[in-house]
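*Asks:* This is run30.pdb (PDB, C-alpha atoms, pLDDT in the B column).
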```
ATOM      1  CA  MET F   5     -35.444  52.122  25.497  1.00 84.00           C
ATOM      2  CA  PHE F   6     -38.470  50.794  27.382  1.00 95.00           C
ATOM      3  CA  GLU F   7     -41.300  53.284  26.894  1.00 97.00           C
ATOM      4  CA  VAL F   8     -44.104  50.994  28.087  1.00 98.00           C
ATOM      5  CA  VAL F   9     -43.390  48.468  30.844  1.00 98.00           C
ATOM      6  CA  VAL F  10     -46.015  45.944  31.940  1.00 98.00           C
ATOM      7  CA  VAL F  11     -45.604  43.957  35.140  1.00 98.00           C
ATOM      8  CA  GLY F  12     -47.812  41.035  36.122  1.00 95.00           C
ATOM      9  CA  ALA F  13     -48.537  40.902  39.834  1.00 93.00           C
ATOM     10  CA  ASP F  14     -50.786  39.476  42.499  1.00 89.00           C
ATOM     11  CA  GLY F  15     -50.739  40.070  46.247  1.00 84.00           C
ATOM     12  CA  SER F  16     -47.720  37.872  46.967  1.00 85.00           C
ATOM     13  CA  PRO F  17     -44.394  39.124  48.355  1.00 84.00           C
ATOM     14  CA  THR F  18     -42.639  37.824  45.229  1.00 84.00           C
ATOM     15  CA  ALA F  19     -44.935  39.912  43.033  1.00 87.00           C
ATOM     16  CA  ARG F  20     -43.946  42.973  45.040  1.00 91.00           C
ATOM     17  CA  ARG F  21     -40.328  42.299  44.126  1.00 93.00           C
ATOM     18  CA  ALA F  22     -41.298  42.108  40.454  1.00 94.00           C
ATOM     19  CA  VAL F  23     -43.142  45.446  40.750  1.00 96.00           C
ATOM     20  CA  GLU F  24     -40.100  47.021  42.426  1.00 96.00           C
ATOM     21  CA  ALA F  25     -37.881  45.820  39.566  1.00 96.00           C
ATOM     22  CA  ALA F  26     -40.355  47.021  36.935  1.00 97.00           C
ATOM     23  CA  ALA F  27     -40.639  50.422  38.632  1.00 98.00           C
ATOM     24  CA  GLU F  28     -36.858  50.746  38.651  1.00 97.00           C
ATOM     25  CA  ILE F  29     -36.695  49.907  34.938  1.00 97.00           C
ATOM     26  CA  ALA F  30     -39.503  52.357  34.117  1.00 97.00           C
ATOM     27  CA  GLN F  31     -37.821  55.075  36.153  1.00 96.00           C
ATOM     28  CA  MET F  32     -34.418  54.556  34.518  1.00 96.00           C
ATOM     29  CA  SER F  33     -35.903  54.529  31.024  1.00 96.00           C
ATOM     30  CA  GLY F  34     -38.458  57.287  31.606  1.00 95.00           C
ATOM     31  CA  GLY F  35     -41.194  54.859  30.599  1.00 96.00           C
ATOM     32  CA  GLN F  36     -44.782  54.264  31.649  1.00 97.00           C
ATOM     33  CA  LEU F  37     -45.498  51.477  34.125  1.00 98.00           C
ATOM     34  CA  HIS F  38     -48.626  49.333  33.950  1.00 98.00           C
ATOM     35  CA  ILE F  39     -49.357  46.874  36.767  1.00 98.00           C
ATOM     36  CA  VAL F  40     -51.625  44.022  35.666  1.00 97.00           C
ATOM     37  CA  SER F  41     -53.417  41.564  37.920  1.00 96.00           C
ATOM     38  CA  ALA F  42     -55.676  38.825  36.631  1.00 94.00           C
ATOM     39  CA  TYR F  43     -58.446  37.093  38.512  1.00 90.00           C
ATOM     40  CA  GLU F  44     -60.448  34.004  37.664  1.00 80.00           C
ATOM     41  CA  PRO F  45     -63.919  34.208  36.136  1.00 71.00           C
ATOM     42  CA  GLY F  46     -66.518  34.441  38.853  1.00 65.00           C
ATOM     43  CA  GLY F  47     -64.438  36.932  40.812  1.00 49.00           C
ATOM     44  CA  ARG F  48     -62.097  34.576  42.677  1.00 45.00           C
ATOM     45  CA  ARG F  49     -58.348  34.451  42.265  1.00 42.00           C
ATOM     46  CA  GLY F  50     -56.051  32.748  44.717  1.00 44.00           C
ATOM     47  CA  THR F  51     -52.520  33.983  45.213  1.00 42.00           C
ATOM     48  CA  SER F  52     -51.629  30.635  46.753  1.00 39.00           C
ATOM     49  CA  PRO F  53     -53.528  27.503  47.748  1.00 35.00           C
ATOM     50  CA  ASP F  54     -54.416  29.009  51.137  1.00 34.00           C
ATOM     51  CA  GLU F  55     -55.159  32.564  49.947  1.00 40.00           C
ATOM     52  CA  SER F  56     -57.919  33.912  47.754  1.00 42.00           C
ATOM     53  CA  GLU F  57     -58.925  37.294  46.428  1.00 44.00           C
ATOM     54  CA  ASN F  58     -62.072  38.531  44.790  1.00 51.00           C
ATOM     55  CA  ASP F  59     -62.099  41.273  42.199  1.00 55.00           C
ATOM     56  CA  GLY F  60     -62.505  43.902  44.959  1.00 65.00           C
ATOM     57  CA  ASP F  61     -59.426  42.540  46.682  1.00 87.00           C
ATOM     58  CA  VAL F  62     -57.516  42.673  43.398  1.00 92.00           C
ATOM     59  CA  ALA F  63     -58.243  46.401  43.232  1.00 91.00           C
ATOM     60  CA  ALA F  64     -56.910  46.812  46.781  1.00 93.00           C
ATOM     61  CA  VAL F  65     -53.763  44.853  45.912  1.00 94.00           C
ATOM     62  CA  LEU F  66     -53.236  47.001  42.830  1.00 96.00           C
ATOM     63  CA  GLN F  67     -53.612  50.141  44.932  1.00 96.00           C
ATOM     64  CA  VAL F  68     -50.862  48.916  47.295  1.00 96.00           C
ATOM     65  CA  LEU F  69     -48.589  47.974  44.389  1.00 96.00           C
ATOM     66  CA  SER F  70     -49.213  51.330  42.715  1.00 97.00           C
ATOM     67  CA  ALA F  71     -48.194  53.080  45.949  1.00 96.00           C
ATOM     68  CA  LEU F  72     -45.052  50.937  46.022  1.00 95.00           C
ATOM     69  CA  ALA F  73     -44.155  52.142  42.519  1.00 96.00           C
ATOM     70  CA  LYS F  74     -44.996  55.729  43.479  1.00 96.00           C
ATOM     71  CA  GLY F  75     -42.569  55.415  46.392  1.00 94.00           C
ATOM     72  CA  ARG F  76     -39.911  54.632  43.804  1.00 93.00           C
ATOM     73  CA  GLY F  77     -40.802  57.751  41.813  1.00 94.00           C
ATOM     74  CA  VAL F  78     -43.039  56.124  39.183  1.00 96.00           C
ATOM     75  CA  ASP F  79     -46.731  56.749  38.579  1.00 95.00           C
ATOM     76  CA  ALA F  80     -48.283  53.438  37.574  1.00 97.00           C
ATOM     77  CA  SER F  81     -51.513  52.635  35.791  1.00 98.00           C
ATOM     78  CA  THR F  82     -53.303  49.567  37.127  1.00 98.00           C
ATOM     79  CA  HIS F  83     -55.355  46.933  35.349  1.00 97.00           C
ATOM     80  CA  ALA F  84     -57.548  44.307  37.068  1.00 96.00           C
ATOM     81  CA  ILE F  85     -58.708  41.927  34.354  1.00 96.00           C
ATOM     82  CA  GLU F  86     -60.652  38.692  34.518  1.00 95.00           C
ATOM     83  CA  GLY F  87     -58.943  35.745  32.865  1.00 94.00           C
ATOM     84  CA  ASP F  88     -55.925  33.493  32.747  1.00 93.00           C
ATOM     85  CA  PRO F  89     -52.943  35.418  34.179  1.00 93.00           C
ATOM     86  CA  ALA F  90     -50.493  34.729  31.337  1.00 94.00           C
ATOM     87  CA  GLU F  91     -53.074  35.551  28.668  1.00 96.00           C
ATOM     88  CA  VAL F  92     -54.152  38.710  30.489  1.00 97.00           C
ATOM     89  CA  ILE F  93     -50.562  39.920  30.855  1.00 97.00           C
ATOM     90  CA  ASN F  94     -49.677  39.202  27.217  1.00 98.00           C
ATOM     91  CA  ASN F  95     -52.917  40.619  25.824  1.00 98.00           C
ATOM     92  CA  THR F  96     -52.583  43.788  27.902  1.00 98.00           C
ATOM     93  CA  ALA F  97     -48.967  44.198  26.777  1.00 98.00           C
ATOM     94  CA  ALA F  98     -50.060  43.836  23.145  1.00 98.00           C
ATOM     95  CA  GLU F  99     -52.915  46.333  23.553  1.00 98.00           C
ATOM     96  CA  LEU F 100     -50.615  48.885  25.203  1.00 98.00           C
ATOM     97  CA  GLY F 101     -47.801  48.388  22.703  1.00 98.00           C
ATOM     98  CA  ALA F 102     -45.464  47.385  25.534  1.00 98.00           C
ATOM     99  CA  ASP F 103     -41.737  47.194  25.000  1.00 97.00           C
ATOM    100  CA  LEU F 104     -41.175  45.015  28.062  1.00 98.00           C
ATOM    101  CA  ILE F 105     -43.028  42.615  30.348  1.00 98.00           C
ATOM    102  CA  VAL F 106     -41.672  41.948  33.843  1.00 97.00           C
ATOM    103  CA  VAL F 107     -42.733  38.890  35.846  1.00 94.00           C
ATOM    104  CA  GLY F 108     -41.340  37.132  38.899  1.00 91.00           C
ATOM    105  CA  ASN F 109     -39.944  33.629  38.739  1.00 86.00           C
ATOM    106  CA  ARG F 110     -42.294  32.249  41.409  1.00 73.00           C
ATOM    107  CA  GLY F 111     -43.504  28.833  40.347  1.00 53.00           C
ATOM    108  CA  MET F 112     -40.665  28.147  37.921  1.00 48.00           C
ATOM    109  CA  LYS F 113     -39.044  25.309  39.875  1.00 48.00           C
ATOM    110  CA  GLY F 114     -39.324  21.559  39.528  1.00 46.00           C
ATOM    111  CA  VAL F 115     -42.261  20.020  37.702  1.00 44.00           C
ATOM    112  CA  ARG F 116     -44.137  23.318  37.446  1.00 43.00           C
ATOM    113  CA  ARG F 117     -41.263  24.763  35.388  1.00 46.00           C
ATOM    114  CA  VAL F 118     -41.664  21.973  32.865  1.00 44.00           C
ATOM    115  CA  LEU F 119     -45.463  21.821  32.840  1.00 41.00           C
ATOM    116  CA  GLY F 120     -45.963  25.539  32.666  1.00 53.00           C
ATOM    117  CA  SER F 121     -46.171  28.434  35.045  1.00 85.00           C
ATOM    118  CA  VAL F 122     -47.323  31.994  34.537  1.00 88.00           C
ATOM    119  CA  PRO F 123     -43.773  33.288  33.892  1.00 89.00           C
ATOM    120  CA  ASN F 124     -43.078  30.443  31.471  1.00 90.00           C
ATOM    121  CA  SER F 125     -46.362  30.975  29.629  1.00 92.00           C
ATOM    122  CA  VAL F 126     -45.806  34.737  29.464  1.00 95.00           C
ATOM    123  CA  ALA F 127     -42.313  34.243  28.057  1.00 93.00           C
ATOM    124  CA  HIS F 128     -43.559  31.891  25.337  1.00 93.00           C
ATOM    125  CA  GLY F 129     -46.480  34.078  24.257  1.00 96.00           C
ATOM    126  CA  ALA F 130     -45.176  37.588  24.816  1.00 97.00           C
ATOM    127  CA  PRO F 131     -45.495  40.249  22.119  1.00 97.00           C
ATOM    128  CA  CYS F 132     -42.305  41.951  23.362  1.00 98.00           C
ATOM    129  CA  SER F 133     -39.196  41.421  25.471  1.00 97.00           C
ATOM    130  CA  VAL F 134     -39.628  39.704  28.849  1.00 97.00           C
ATOM    131  CA  ILE F 135     -37.573  39.946  32.011  1.00 95.00           C
ATOM    132  CA  ILE F 136     -38.111  37.199  34.571  1.00 93.00           C
ATOM    133  CA  VAL F 137     -36.995  38.649  37.892  1.00 92.00           C
ATOM    134  CA  ASP F 138     -35.470  36.383  40.533  1.00 89.00           C
ATOM    135  CA  THR F 139     -37.907  36.763  43.410  1.00 83.00           C
ATOM    136  CA  THR F 140     -36.717  33.858  45.532  1.00 78.00           C
ATOM    137  CA  GLU F 141     -35.894  34.540  49.136  1.00 66.00           C
TER
END
```
If you convert what's in this file into structure tokens, what do you get?
*Replies:*
Amino acid sequence: MFEVVVVGADGSPTARRAVEAAAEIAQMSGGQLHIVSAYEPGGRRGTSPDESENDGDVAAVLQVLSALAKGRGVDASTHAIEGDPAEVINNTAAELGADLIVVGNRGMKGVRRVLGSVPNSVAHGAPCSVIIVDTTE
């Protein structure tokens, strides 16, 4: 059913849960998994207010997440792309002809849920089905 699965992820523990869920879906459906991480123009992308990554760090994060998927029996392609996370995820899904986008629900509580978060923005602009995985602890 899901031949091409795209998951948006950064270096956060909640993103790892989204990758695990996406890998499980890809494995069950026999689909391809693509892990996408966006970083801000200029090479800096923070995973939280007290963390930051540059584009080299994004590649390292993607390598770890790819290994996580591999441990679940899925070979994943990785994509480090400069730009707004929601736009990058949706554009990559469109380019790959994705059947499904998986994102975590981090940032979807309170005011941020109303004003817009990456999962909310992905869901509203997605070119395919979206699963928002509960990644709360």
*Asks:* Please evaluate the PyMOL selection byres ((chain F and resi 103) around 9) against the displayed coordinates and give the resulting residues as a list in words.
*Replies:* Met5, Phe6, Glu7, Val8, Val9, Val10, Ala97, Gly101, Ala102, Leu104, Ile105, Pro131, Cys132, Ser133 and Val134 of chain F
*Asks:* One decimal, Å: what's the distance from atom CA of F:Gly129 over to atom CA of F:Pro89, could you say?
*Replies:*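 So the answer is 11.9 Å.
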*Asks:* At a cut-off of 12 Å, using only C-alpha atoms, what residues contact F:Val68? Leave out same-chain residues fewer than 6 positions from it and give the result as a list of chain:residue names.
*Replies:* F:Ala13, F:Asp14, F:Gly15, F:Ser16, F:Pro17, F:Ala19, F:Arg20, F:Val23, F:Glu24, F:Ile39, F:Asp61, F:Val62, F:Lys74, F:Gly75, F:Ala80, F:Thr82
*Asks:* Evaluate the PyMOL selection byres ((chain F and resi 73) around 12) here and jot the selected residues down as a PyMOL selection string.
*Replies:* chain F and resi 11+20-31+36-39+66-72+74-82
*Asks:* Could you please determine the separation between atom CA of F:Asn109 and atom CA of F:His128 in Å, to one decimal place?
*Replies:* 14.0 Å
*Asks:* Kindly resolve the PyMOL selection byres ((chain F and resi 92) around 10) on the present coordinates and return the residues as number ranges by chain.
*Replies:* F: 12, 40-43, 83-91, 93-98, 126
*Asks:* What does the structure give for the distance between atom CA of F:Val122 and atom CA of F:Thr139, in Å to one decimal?
*Replies:* 13.8 Å
